[in-house]
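Peer 1: What follows is run26.cif, mmCIF, C-alpha atoms.
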data_start
loop_
_atom_site.label_atom_id
_atom_site.label_comp_id
_atom_site.auth_asym_id
_atom_site.auth_seq_id
_atom_site.Cartn_x
_atom_site.Cartn_y
_atom_site.Cartn_z
CA MET A 7 -54.93 -32.62 -97.42
CA LYS A 8 -54.88 -29.04 -96.23
CA ILE A 9 -56.21 -26.98 -99.13
CA LEU A 10 -56.10 -23.17 -99.21
CA PHE A 11 -58.29 -21.31 -101.69
CA VAL A 12 -57.25 -17.75 -102.57
CA HIS A 13 -59.66 -15.39 -104.33
CA GLN A 14 -60.37 -11.70 -103.64
CA ASN A 15 -64.07 -12.36 -104.30
CA TYR A 16 -64.28 -15.88 -102.87
CA PRO A 17 -65.98 -18.25 -103.56
CA GLY A 18 -65.91 -17.19 -107.24
CA GLN A 19 -65.02 -20.21 -109.36
CA PHE A 20 -64.61 -22.34 -106.22
CA LEU A 21 -68.27 -22.11 -105.13
CA TYR A 22 -68.97 -25.83 -105.53
CA LEU A 23 -65.45 -27.24 -105.55
CA ALA A 24 -64.35 -26.13 -102.07
CA PRO A 25 -67.31 -27.53 -100.07
CA GLU A 26 -67.19 -30.76 -102.06
CA LEU A 27 -63.51 -31.23 -101.24
CA GLN A 28 -64.34 -30.56 -97.60
CA LYS A 29 -67.01 -33.27 -97.73
CA ARG A 30 -64.34 -35.66 -98.97
CA GLY A 31 -62.39 -35.11 -95.77
CA HIS A 32 -59.96 -32.41 -96.82
CA ASP A 33 -59.22 -29.50 -94.48
CA CYS A 34 -60.30 -26.51 -96.56
CA LEU A 35 -59.69 -22.83 -95.84
CA ALA A 36 -60.22 -19.68 -97.92
CA LEU A 37 -58.30 -16.42 -97.94
CA THR A 38 -60.10 -13.40 -99.35
CA ASP A 39 -60.28 -9.61 -99.27
CA LEU A 40 -61.68 -7.98 -96.13
CA THR A 41 -64.28 -6.12 -98.21
CA ASN A 42 -65.72 -9.33 -99.69
CA PRO A 43 -69.23 -9.81 -98.18
CA ARG A 44 -70.04 -13.14 -99.83
CA GLU A 45 -70.93 -16.10 -97.66
CA SER A 46 -68.84 -19.26 -97.58
CA ALA A 47 -69.47 -22.94 -96.87
CA ILE A 48 -65.89 -23.34 -95.60
CA PRO A 49 -63.88 -21.34 -93.02
CA VAL A 50 -62.61 -18.00 -94.32
CA LEU A 51 -59.77 -15.70 -93.30
CA LYS A 52 -59.55 -12.15 -94.65
CA TYR A 53 -56.67 -9.85 -95.51
CA LYS A 54 -56.84 -6.08 -95.56
CA HIS A 55 -55.55 -4.55 -98.75
CA GLU A 56 -55.33 -0.80 -99.23
CA VAL A 57 -55.14 0.09 -102.90
CA GLN A 58 -52.46 2.70 -103.51
CA LYS A 59 -52.94 5.30 -106.22
CA VAL A 60 -50.52 4.85 -109.11
CA ASP A 61 -49.19 7.67 -111.25
CA PRO A 62 -49.66 6.51 -114.87
CA ALA A 63 -47.06 8.98 -116.17
CA ALA A 64 -44.41 7.69 -113.79
CA THR A 65 -45.21 3.97 -114.04
CA ARG A 66 -46.21 3.85 -117.74
CA LEU A 67 -46.70 0.21 -118.84
CA GLY A 68 -45.75 -1.00 -115.36
CA ARG A 69 -48.89 0.44 -113.76
CA ASN A 70 -50.90 -2.79 -113.96
CA TYR A 71 -48.05 -4.90 -112.58
CA ILE A 72 -47.58 -2.49 -109.67
CA GLN A 73 -51.25 -2.77 -108.73
CA MET A 74 -51.32 -6.55 -109.01
CA SER A 75 -48.02 -7.14 -107.25
CA ASP A 76 -49.06 -4.78 -104.45
CA ARG A 77 -51.99 -7.07 -103.75
CA GLY A 78 -49.68 -10.06 -104.05
CA VAL A 79 -47.45 -8.58 -101.36
CA THR A 80 -50.45 -8.00 -99.08
CA VAL A 81 -51.58 -11.61 -99.49
CA ALA A 82 -48.06 -12.97 -99.00
CA ARG A 83 -47.72 -11.05 -95.72
CA ALA A 84 -51.05 -12.44 -94.55
CA ALA A 85 -49.83 -15.90 -95.52
CA LEU A 86 -46.58 -15.38 -93.62
CA GLN A 87 -48.56 -14.49 -90.51
CA LEU A 88 -50.55 -17.69 -90.92
CA ARG A 89 -47.35 -19.70 -91.08
CA GLN A 90 -45.53 -17.97 -88.25
CA GLN A 91 -48.40 -17.48 -85.80
CA LYS A 92 -50.57 -20.53 -86.47
CA ASN A 93 -48.00 -22.89 -88.01
CA TYR A 94 -50.37 -23.27 -90.97
CA VAL A 95 -48.83 -25.01 -94.00
CA PRO A 96 -51.20 -26.06 -96.80
CA ASP A 97 -50.54 -29.08 -98.98
CA VAL A 98 -52.27 -27.41 -101.93
CA ILE A 99 -52.99 -23.75 -102.72
CA PHE A 100 -55.58 -23.07 -105.40
CA GLY A 101 -55.87 -19.41 -106.35
CA HIS A 102 -57.14 -17.17 -109.13
CA SER A 103 -54.25 -15.41 -110.86
CA GLY A 104 -56.24 -12.43 -112.10
CA TRP A 105 -55.48 -9.99 -109.29
CA GLY A 106 -51.91 -10.96 -108.37
CA GLU A 107 -52.83 -12.73 -105.13
CA THR A 108 -50.78 -15.86 -105.79
CA LEU A 109 -47.59 -14.16 -107.02
CA PHE A 110 -45.48 -14.67 -103.88
CA LEU A 111 -47.17 -17.54 -102.05
CA LYS A 112 -44.45 -19.99 -103.04
CA GLU A 113 -42.01 -17.79 -101.13
CA VAL A 114 -44.06 -18.40 -97.98
CA TRP A 115 -44.92 -22.05 -98.60
CA PRO A 116 -42.33 -23.53 -101.00
CA GLU A 117 -43.38 -27.04 -99.99
CA ALA A 118 -47.00 -26.51 -101.09
CA LYS A 119 -48.34 -27.33 -104.53
CA LEU A 120 -49.61 -24.15 -106.17
CA LEU A 121 -52.53 -24.42 -108.61
CA ILE A 122 -53.66 -21.43 -110.66
CA TYR A 123 -57.06 -20.66 -112.09
CA ALA A 124 -55.77 -19.36 -115.42
CA GLU A 125 -58.84 -17.59 -116.75
CA PHE A 126 -57.37 -15.41 -119.50
CA TYR A 127 -54.01 -14.15 -120.79
CA TYR A 128 -54.02 -10.67 -122.30
CA ARG A 129 -52.81 -10.57 -125.88
CA GLY A 130 -52.05 -7.71 -128.23
CA ARG A 131 -53.66 -9.49 -131.16
CA GLY A 132 -56.30 -12.15 -131.72
CA ALA A 133 -58.43 -11.47 -128.65
CA ASP A 134 -60.25 -8.47 -127.18
CA VAL A 135 -57.68 -5.77 -128.00
CA GLY A 136 -58.65 -3.91 -131.17
CA PHE A 137 -61.68 -6.15 -131.75
CA ASP A 138 -64.22 -3.32 -131.55
CA PRO A 139 -62.68 -0.24 -133.21
CA GLU A 140 -65.45 2.02 -131.91
CA PHE A 141 -64.13 1.73 -128.35
CA ASN A 142 -60.72 0.13 -128.74
CA LYS A 143 -58.76 1.23 -131.79
CA PRO A 144 -56.29 -1.43 -133.00
CA THR A 145 -53.08 0.59 -132.55
CA PHE A 146 -49.57 -0.64 -131.81
CA ASP A 147 -49.70 1.16 -128.47
CA GLN A 148 -52.72 -0.96 -127.52
CA VAL A 149 -50.76 -4.08 -128.45
CA MET A 150 -47.94 -3.09 -126.11
CA ILE A 151 -50.34 -2.16 -123.32
CA ALA A 152 -51.95 -5.60 -123.54
CA GLN A 153 -48.55 -7.27 -123.34
CA GLY A 154 -47.75 -5.21 -120.27
CA ARG A 155 -51.02 -6.26 -118.63
CA ALA A 156 -50.12 -9.92 -119.09
CA SER A 157 -46.91 -9.77 -117.08
CA HIS A 158 -48.36 -10.82 -113.72
CA LEU A 159 -50.43 -13.58 -115.35
CA GLY A 160 -47.34 -15.13 -116.91
CA GLN A 161 -45.39 -14.88 -113.68
CA ALA A 162 -48.25 -16.44 -111.70
CA LEU A 163 -48.41 -19.55 -113.87
CA LEU A 164 -44.63 -19.81 -114.32
CA HIS A 165 -44.22 -20.13 -110.54
CA ALA A 166 -47.14 -22.55 -110.17
CA ASP A 167 -47.28 -26.33 -110.48
CA ALA A 168 -50.31 -26.42 -112.78
CA GLY A 169 -53.10 -24.27 -114.17
CA LEU A 170 -56.78 -24.71 -114.93
CA SER A 171 -58.86 -22.92 -117.59
CA PRO A 172 -62.61 -23.26 -118.16
CA THR A 173 -62.50 -23.37 -121.99
CA GLU A 174 -60.07 -24.45 -124.68
CA TRP A 175 -60.07 -20.99 -126.21
CA GLN A 176 -59.28 -19.24 -122.94
CA ALA A 177 -56.41 -21.68 -122.37
CA SER A 178 -55.18 -20.98 -125.91
CA THR A 179 -54.64 -17.31 -125.08
CA TYR A 180 -51.57 -18.35 -123.04
CA PRO A 181 -48.21 -18.67 -124.82
CA PRO A 182 -47.42 -22.29 -125.84
CA VAL A 183 -44.79 -22.75 -123.13
CA LEU A 184 -47.41 -21.92 -120.48
CA ARG A 185 -50.35 -23.56 -122.26
CA ARG A 186 -48.70 -26.94 -121.64
CA MET A 187 -49.21 -26.42 -117.90
CA ILE A 188 -52.99 -25.92 -118.20
CA ASP A 189 -55.81 -28.45 -117.91
CA VAL A 190 -59.18 -27.44 -119.39
CA ILE A 191 -62.18 -28.18 -117.16
CA HIS A 192 -65.24 -25.96 -117.15
CA ASP A 193 -66.72 -24.98 -113.76
CA GLY A 194 -70.00 -26.53 -114.87
CA VAL A 195 -73.61 -25.44 -114.40
CA ASN A 196 -76.32 -26.88 -112.21
CA THR A 197 -78.52 -28.48 -114.87
CA ASP A 198 -81.01 -29.64 -112.24
CA VAL A 199 -81.76 -26.00 -111.40
CA MET A 200 -81.22 -24.52 -114.87
CA ARG A 201 -83.77 -26.65 -116.71
CA PRO A 202 -86.87 -26.04 -118.83
CA ASP A 203 -89.93 -25.44 -116.66
CA PRO A 204 -93.37 -24.90 -118.22
CA ASP A 205 -94.61 -23.55 -114.89
CA ALA A 206 -91.89 -20.88 -114.60
CA ARG A 207 -93.00 -17.31 -114.01
CA PHE A 208 -91.08 -14.02 -114.08
CA ALA A 209 -92.57 -10.89 -112.54
CA LEU A 210 -91.91 -7.53 -114.18
CA PRO A 211 -91.69 -4.35 -112.05
CA GLY A 212 -95.08 -3.11 -113.26
CA GLY A 213 -96.86 -6.23 -112.05
CA ARG A 214 -97.09 -8.18 -115.32
CA THR A 215 -95.99 -11.82 -115.14
CA LEU A 216 -94.19 -13.53 -117.99
CA LYS A 217 -94.49 -17.25 -118.67
CA PRO A 218 -93.09 -19.78 -121.19
CA GLY A 219 -94.65 -19.18 -124.59
CA ASP A 220 -94.77 -15.40 -124.16
CA GLU A 221 -92.81 -13.28 -126.60
CA VAL A 222 -89.81 -12.50 -124.40
CA LEU A 223 -86.40 -11.28 -125.54
CA THR A 224 -83.65 -11.38 -122.91
CA PHE A 225 -80.17 -9.92 -122.48
CA VAL A 226 -78.13 -10.70 -119.36
CA ASN A 227 -74.71 -9.70 -118.14
CA ARG A 228 -73.07 -8.74 -114.86
CA ASN A 229 -72.76 -5.19 -116.17
CA LEU A 230 -74.07 -3.50 -119.31
CA GLU A 231 -70.97 -2.62 -121.32
CA PRO A 232 -69.37 -2.89 -124.79
CA TYR A 233 -67.28 -5.97 -123.94
CA ARG A 234 -70.56 -7.87 -123.68
CA GLY A 235 -72.18 -6.19 -126.68
CA TYR A 236 -74.68 -3.97 -124.87
CA HIS A 237 -74.27 -1.26 -127.51
CA ILE A 238 -74.94 -3.68 -130.38
CA PHE A 239 -78.01 -5.16 -128.71
CA MET A 240 -79.51 -1.76 -127.94
CA ARG A 241 -78.91 -0.50 -131.47
CA ALA A 242 -80.69 -3.60 -132.84
CA LEU A 243 -83.72 -3.07 -130.59
CA PRO A 244 -85.62 -0.32 -132.47
CA GLU A 245 -86.05 -2.49 -135.56
CA ILE A 246 -86.89 -5.55 -133.46
CA MET A 247 -89.54 -3.78 -131.42
CA ALA A 248 -91.09 -2.15 -134.49
CA ALA A 249 -91.43 -5.56 -136.14
CA ARG A 250 -92.63 -7.32 -132.97
CA PRO A 251 -95.12 -4.99 -131.24
CA GLU A 252 -95.99 -7.58 -128.56
CA ALA A 253 -92.42 -8.41 -127.56
CA GLN A 254 -91.27 -7.77 -124.00
CA VAL A 255 -87.54 -7.04 -123.63
CA VAL A 256 -85.92 -7.88 -120.30
CA ILE A 257 -82.39 -6.62 -119.66
CA VAL A 258 -80.41 -7.76 -116.61
CA GLY A 259 -77.14 -6.16 -115.54
CA GLY A 260 -75.59 -3.44 -113.45
CA ASP A 261 -74.29 -0.05 -114.53
CA GLU A 262 -70.68 -0.54 -113.47
CA VAL A 263 -67.64 -1.64 -115.50
CA SER A 264 -66.42 -5.22 -115.28
CA TYR A 265 -64.18 -5.15 -118.35
CA GLY A 266 -62.60 -2.44 -120.43
CA ALA A 267 -62.88 1.25 -119.64
CA ALA A 268 -65.70 3.43 -118.37
CA PRO A 269 -67.13 5.97 -120.83
CA LYS A 270 -65.58 9.41 -120.65
CA ASP A 271 -67.52 11.93 -118.59
CA GLN A 272 -70.30 9.44 -117.96
CA LYS A 273 -71.28 7.34 -114.95
CA GLY A 274 -71.84 4.19 -116.99
CA TRP A 275 -72.62 2.73 -120.39
CA LYS A 276 -76.31 2.06 -119.75
CA GLU A 277 -77.63 5.60 -120.18
CA LEU A 278 -75.04 6.61 -122.76
CA ILE A 279 -76.08 3.89 -125.21
CA LEU A 280 -79.77 4.11 -124.29
CA SER A 281 -79.73 7.83 -125.15
CA GLU A 282 -78.86 6.91 -128.77
CA VAL A 283 -82.05 4.90 -129.29
CA ARG A 284 -84.43 6.08 -126.57
CA ASP A 285 -86.69 8.04 -128.95
CA ARG A 286 -87.11 4.96 -131.20
CA LEU A 287 -88.09 2.54 -128.43
CA ASP A 288 -91.36 1.76 -126.69
CA LEU A 289 -89.82 1.92 -123.23
CA SER A 290 -92.98 0.50 -121.65
CA ARG A 291 -91.83 -2.82 -123.13
CA VAL A 292 -88.14 -2.52 -122.22
CA HIS A 293 -87.46 -3.60 -118.64
CA PHE A 294 -84.10 -2.82 -117.04
CA MET A 295 -83.93 -5.10 -114.01
CA GLY A 296 -80.47 -4.24 -112.71
CA LYS A 297 -78.81 -7.17 -110.96
CA VAL A 298 -81.26 -9.88 -109.91
CA PRO A 299 -81.08 -12.84 -107.49
CA TYR A 300 -80.16 -16.18 -109.01
CA ASP A 301 -83.67 -17.64 -108.69
CA GLN A 302 -85.08 -14.74 -110.71
CA PHE A 303 -82.37 -15.17 -113.35
CA THR A 304 -83.31 -18.86 -113.54
CA SER A 305 -86.99 -18.07 -114.06
CA LEU A 306 -86.13 -15.47 -116.68
CA MET A 307 -84.15 -17.97 -118.75
CA GLN A 308 -87.04 -20.43 -118.47
CA VAL A 309 -89.52 -17.93 -119.94
CA SER A 310 -87.18 -16.51 -122.60
CA ARG A 311 -88.14 -17.06 -126.23
CA ALA A 312 -84.86 -15.62 -127.54
CA HIS A 313 -81.75 -14.85 -125.52
CA ALA A 314 -79.08 -12.56 -127.00
CA TYR A 315 -75.52 -13.17 -125.81
CA LEU A 316 -72.61 -11.13 -127.14
CA THR A 317 -68.99 -11.00 -126.08
CA TYR A 318 -65.67 -9.80 -127.41
CA PRO A 319 -63.10 -12.61 -127.81
CA PHE A 320 -62.70 -12.78 -124.04
CA VAL A 321 -63.85 -14.76 -121.00
CA LEU A 322 -67.05 -16.72 -121.64
CA SER A 323 -69.93 -15.98 -119.26
CA TRP A 324 -71.50 -18.76 -117.22
CA SER A 325 -74.88 -17.22 -118.04
CA MET A 326 -74.72 -18.26 -121.70
CA ILE A 327 -74.39 -21.95 -120.86
CA GLU A 328 -76.96 -21.60 -118.08
CA ALA A 329 -79.41 -20.15 -120.62
CA MET A 330 -78.78 -23.14 -122.89
CA SER A 331 -79.30 -25.49 -119.95
CA ALA A 332 -82.67 -23.85 -119.29
CA GLY A 333 -83.65 -24.60 -122.88
CA ALA A 334 -83.41 -21.05 -124.20
CA HIS A 335 -82.71 -20.30 -127.85
CA VAL A 336 -79.39 -18.49 -127.56
CA VAL A 337 -78.46 -16.11 -130.36
CA GLY A 338 -74.76 -15.60 -129.78
CA SER A 339 -71.95 -13.56 -131.27
CA ARG A 340 -69.72 -15.28 -133.80
CA THR A 341 -66.66 -14.91 -131.58
CA ALA A 342 -64.21 -17.62 -130.55
CA PRO A 343 -65.40 -18.30 -126.97
CA VAL A 344 -69.03 -18.61 -128.12
CA GLU A 345 -68.18 -20.74 -131.15
CA GLU A 346 -66.53 -23.28 -128.87
CA VAL A 347 -69.98 -24.02 -127.43
CA ILE A 348 -72.58 -23.03 -130.05
CA LYS A 349 -72.76 -24.47 -133.54
CA ASP A 350 -74.89 -22.25 -135.76
CA GLY A 351 -78.24 -23.84 -136.57
CA VAL A 352 -77.55 -26.84 -134.33
CA ASN A 353 -77.74 -25.79 -130.67
CA GLY A 354 -78.07 -22.04 -131.13
CA SER A 355 -77.67 -19.26 -133.67
CA LEU A 356 -74.61 -17.14 -134.43
CA VAL A 357 -74.42 -13.56 -135.69
CA ASP A 358 -71.38 -11.43 -136.46
CA PHE A 359 -70.78 -9.31 -133.37
CA LEU A 360 -70.69 -5.90 -135.10
CA ASP A 361 -73.54 -6.48 -137.60
CA VAL A 362 -76.45 -4.61 -136.02
CA LYS A 363 -78.79 -5.28 -138.97
CA ALA A 364 -78.12 -9.00 -138.78
CA TRP A 365 -78.86 -8.99 -135.04
CA SER A 366 -82.19 -7.31 -135.67
CA ALA A 367 -83.12 -9.78 -138.41
CA LYS A 368 -82.14 -12.91 -136.48
CA LEU A 369 -83.82 -11.86 -133.24
CA ILE A 370 -86.99 -10.85 -135.11
CA ASP A 371 -87.10 -14.30 -136.69
CA ALA A 372 -86.43 -16.00 -133.34
CA LEU A 373 -89.34 -14.12 -131.76
CA ALA A 374 -91.70 -14.53 -134.72
CA ARG A 375 -91.16 -18.24 -135.36
CA PRO A 376 -90.36 -20.03 -132.07
CA ASP A 377 -91.47 -23.42 -133.44
CA LYS A 378 -88.71 -23.22 -136.05
CA TYR A 379 -86.16 -23.33 -133.24
CA THR A 380 -87.64 -26.09 -131.06
CA LEU A 381 -84.96 -28.62 -132.01
CA ILE A 382 -82.25 -26.02 -131.45
CA ARG A 383 -83.54 -25.37 -127.93
CA GLU A 384 -83.56 -29.10 -127.22
CA ALA A 385 -80.03 -29.43 -128.59
CA ALA A 386 -78.89 -26.52 -126.39
CA ARG A 387 -80.16 -28.35 -123.32
CA ALA A 388 -78.47 -31.55 -124.52
CA THR A 389 -75.15 -29.69 -124.94
CA ALA A 390 -75.35 -28.43 -121.37
CA LEU A 391 -76.08 -31.92 -120.07
CA LYS A 392 -73.35 -33.61 -122.07
CA ARG A 393 -70.50 -31.11 -121.82
CA TYR A 394 -71.21 -28.65 -119.00
CA ASP A 395 -73.13 -30.53 -116.32
CA GLN A 396 -71.68 -29.85 -112.91
CA LYS A 397 -72.30 -33.45 -111.86
CA TYR A 398 -69.96 -34.55 -114.66
CA LEU A 399 -67.34 -31.81 -114.30
CA LEU A 400 -67.03 -31.44 -110.53
CA PRO A 401 -65.40 -34.88 -110.14
CA LYS A 402 -62.89 -33.85 -112.81
CA MET A 403 -62.03 -30.69 -110.86
CA ILE A 404 -61.71 -32.69 -107.64
CA ASP A 405 -59.35 -35.08 -109.41
CA PHE A 406 -57.32 -32.12 -110.70
CA VAL A 407 -56.76 -30.89 -107.14
CA GLU A 408 -56.17 -34.28 -105.55
CA ARG A 409 -53.70 -35.58 -108.11
CA HIS A 410 -51.55 -32.46 -107.68
CA GLY A 411 -51.42 -32.97 -103.92
CA PRO A 412 -48.49 -34.61 -102.12
CA GLN A 413 -50.04 -38.06 -102.54
CA GLY A 414 -51.05 -37.48 -106.16
#
The structure given in the file should be rewritten as structure tokens.

Peer 2:
Amino acid sequence: MKILFVHQNYPGQFLYLAPELQKRGHDCLALTDLTNPRESAIPVLKYKHEVQKVDPAATRLGRNYIQMSDRGVTVARAALQLRQQKNYVPDVIFGHSGWGETLFLKEVWPEAKLLIYAEFYYRGRGADVGFDPEFNKPTFDQVMIAQGRASHLGQALLHADAGLSPTEWQASTYPPVLRRMIDVIHDGVNTDVMRPDPDARFALPGGRTLKPGDEVLTFVNRNLEPYRGYHIFMRALPEIMAARPEAQVVIVGGDEVSYGAAPKDQKGWKELILSEVRDRLDLSRVHFMGKVPYDQFTSLMQVSRAHAYLTYPFVLSWSMIEAMSAGAHVVGSRTAPVEEVIKDGVNGSLVDFLDVKAWSAKLIDALARPDKYTLIREAARATALKRYDQKYLLPKMIDFVERHGPQG
């Protein structure tokens, strides 16, 4: 088959799927944004999209749809050029619906099967909106804004032939009429790479090297922000560090905004939240690493004694399951996406997201008594192997694509 992958930050969720389909003899091609610098194992074409400023007062709740559909138009025009100039007609298109790129592709290639990576459907209630009243007050206006933000996601799936979500909870955010179109298959993690390693080492900026058995507390996210509980973790730290004077705290993440809004009159959340607790922390033992290469992240999870993972009811991070695969003791937030994977006291520990005191107490215990959690660490690894191993899930994703093709 001819298979076209569409993702503004390709490869994204298709990192392993696309090259594997190519190995199976399919003719794979990717279409991505011109500004995307990431390397690809399959041929890539790029479209140039110029983001137009939108007047919020004039567009009101339509602002998000305008931005997403503008990108959809850009991608559709690039697709039309492909068809007219190169006579390119894919059998299957597999695209992420999050940025509007797939909205009009059926108008260019009506004969193609369109598959959607349906990662999340914004909802006014029961998900991220209003969950954390400190930063997102649960008002009726917020409910309507969330509904407005979902418009392009609904349209994308409605015009597709099938959708794919990585978790049951993320699929459940879609309305029932659309949920019926979605298969649930996680992207999977490489459990051969993310595995316990007694010889692992992680170098800190000052020259100290951490190893398994050291008292290491970790926190990892793409960016340090409220959606991923950065504020809760930092507020729990003073009590943790006072109780555990030998603990080393390693924090990985950038200072941009992936989800939600940026703080008012501030560059990013990192310094704003740190300023609240700075005078109560021994900063010689708190190591902000920024964004790190994957091999360093792997080593960090292998030396971690306790790994804190928090998220609003939202998209689940790959990093949490990767930490479990590496045999880390994950202390996670008691929120729906985390509870789908972690059972409290079985393969990890759960703490109410907003309960700072409880986070301090649980992480102190995890650092103080690692032997108490040996079986939990082993069960975390077993969960990754049984439910999230890429070797097990990649064939399922391949089958999802192939059975929706013209011969499926």

Peer 1: Would you pick out the contacts of stretch 174-187 of chain A at 9 Å or less, using all atoms listed in the file, so that residues sharing its chain but fewer than 2 positions from it are not included, and give the list as a PDB file with C-alpha atoms, in the coordinates of the input?

Peer 2:
ATOM      1  CA  ALA A 124     -55.770 -19.360-115.420  1.00  0.00           C
ATOM      2  CA  GLU A 125     -58.840 -17.590-116.750  1.00  0.00           C
ATOM      3  CA  PHE A 126     -57.370 -15.410-119.500  1.00  0.00           C
ATOM      4  CA  TYR A 127     -54.010 -14.150-120.790  1.00  0.00           C
ATOM      5  CA  TYR A 128     -54.020 -10.670-122.300  1.00  0.00           C
ATOM      6  CA  ARG A 129     -52.810 -10.570-125.880  1.00  0.00           C
ATOM      7  CA  GLY A 132     -56.300 -12.150-131.720  1.00  0.00           C
ATOM      8  CA  ALA A 133     -58.430 -11.470-128.650  1.00  0.00           C
ATOM      9  CA  GLY A 160     -47.340 -15.130-116.910  1.00  0.00           C
ATOM     10  CA  LEU A 163     -48.410 -19.550-113.870  1.00  0.00           C
ATOM     11  CA  LEU A 164     -44.630 -19.810-114.320  1.00  0.00           C
ATOM     12  CA  ALA A 166     -47.140 -22.550-110.170  1.00  0.00           C
ATOM     13  CA  ASP A 167     -47.280 -26.330-110.480  1.00  0.00           C
ATOM     14  CA  ALA A 168     -50.310 -26.420-112.780  1.00  0.00           C
ATOM     15  CA  GLY A 169     -53.100 -24.270-114.170  1.00  0.00           C
ATOM     16  CA  LEU A 170     -56.780 -24.710-114.930  1.00  0.00           C
ATOM     17  CA  SER A 171     -58.860 -22.920-117.590  1.00  0.00           C
ATOM     18  CA  PRO A 172     -62.610 -23.260-118.160  1.00  0.00           C
ATOM     19  CA  ASP A 189     -55.810 -28.450-117.910  1.00  0.00           C
ATOM     20  CA  VAL A 190     -59.180 -27.440-119.390  1.00  0.00           C
ATOM     21  CA  ILE A 191     -62.180 -28.180-117.160  1.00  0.00           C
ATOM     22  CA  PHE A 320     -62.700 -12.780-124.040  1.00  0.00           C
ATOM     23  CA  VAL A 321     -63.850 -14.760-121.000  1.00  0.00           C
ATOM     24  CA  LEU A 322     -67.050 -16.720-121.640  1.00  0.00           C
ATOM     25  CA  ALA A 342     -64.210 -17.620-130.550  1.00  0.00           C
ATOM     26  CA  PRO A 343     -65.400 -18.300-126.970  1.00  0.00           C
ATOM     27  CA  GLU A 346     -66.530 -23.280-128.870  1.00  0.00           C
TER      28      GLU A 346
END

Peer 1: Interatomic distance between atom CA of A:Asp301 and atom CA of A:Gly219?

Peer 2: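 Between atom CA of A:Asp301 and atom CA of A:Gly219 the gap is 19.4 Å.
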
Peer 1: The residues within 12 Å of (-76.8, -31.8, -113.3), using all atoms listed in the file and the coordinates of the file, should be reported as a list in words; which are they?

Peer 2: Gly194, Val195, Asn196, Thr197, Asp198, Val199, Met200, Arg201, Glu328, Ser331, Ala332, Arg387, Ala388, Thr389, Ala390, Leu391, Lys392, Arg393, Tyr394, Asp395, Gln396, Lys397, Tyr398, Leu399 and Leu400 of chain A

Peer 1: Between atom CA of A:Val283 and atom CA of A:Gly235, what is the distance in Å, rounded to a tenth?

Peer 2: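 These atoms are spaced 15.1 Å apart.
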
Peer 1: When distances are computed from only C-alpha atoms, which of A:Val309, A:Gly266, A:Trp115, A:Val347 shows the smallest separation from A:Pro204?

Peer 2: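 Using only C-alpha atoms, the shortest distance to A:Pro204 belongs to A:Val309.
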
Peer 1: If we count all atoms listed in the file and set the cut-off at 10 Å, which residues sit around A:Pro211, ignoring sequence neighbours fewer than 4 positions away in its own chain? Please answer as a JSON list (two decimals) with C-alpha atoms, keeping the file's coordinate frame.

Peer 2:
[["chain", "number", "residue", "atom", "x", "y", "z"],
["A", 215, "THR", "CA", -95.99, -11.82, -115.14],
["A", 293, "HIS", "CA", -87.46, -3.60, -118.64],
["A", 294, "PHE", "CA", -84.10, -2.82, -117.04],
["A", 295, "MET", "CA", -83.93, -5.10, -114.01]]

Peer 1: Could you model N, CA and C atoms for stretch 127-136 of chain A and present them as a compact mmCIF listing (two decimals), in the coordinates of the input?

Peer 2:
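So the final result, stored in out09.txt, reads:
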# COMPACT_ATOMS: atom_id res chain seq x y z
N TYR A 127 -55.34 -14.77 -120.64
CA TYR A 127 -54.01 -14.15 -120.79
C TYR A 127 -54.13 -13.04 -121.82
N TYR A 128 -53.87 -11.81 -121.39
CA TYR A 128 -54.02 -10.67 -122.30
C TYR A 128 -53.07 -10.80 -123.48
N ARG A 129 -53.59 -10.49 -124.65
CA ARG A 129 -52.81 -10.57 -125.88
C ARG A 129 -53.00 -9.28 -126.67
N GLY A 130 -51.96 -8.90 -127.39
CA GLY A 130 -52.05 -7.71 -128.23
C GLY A 130 -52.86 -7.92 -129.48
N ARG A 131 -52.92 -9.18 -129.93
CA ARG A 131 -53.66 -9.49 -131.16
C ARG A 131 -54.43 -10.79 -130.98
N GLY A 132 -55.55 -10.90 -131.69
CA GLY A 132 -56.30 -12.15 -131.72
C GLY A 132 -57.27 -12.35 -130.59
N ALA A 133 -57.47 -11.34 -129.75
CA ALA A 133 -58.43 -11.47 -128.65
C ALA A 133 -59.24 -10.18 -128.56
N ASP A 134 -59.38 -9.62 -127.36
CA ASP A 134 -60.25 -8.47 -127.18
C ASP A 134 -59.65 -7.16 -127.69
N VAL A 135 -58.33 -7.03 -127.63
CA VAL A 135 -57.68 -5.77 -128.00
C VAL A 135 -57.87 -5.47 -129.49
N GLY A 136 -58.43 -4.31 -129.78
CA GLY A 136 -58.65 -3.91 -131.17
C GLY A 136 -59.83 -4.57 -131.85
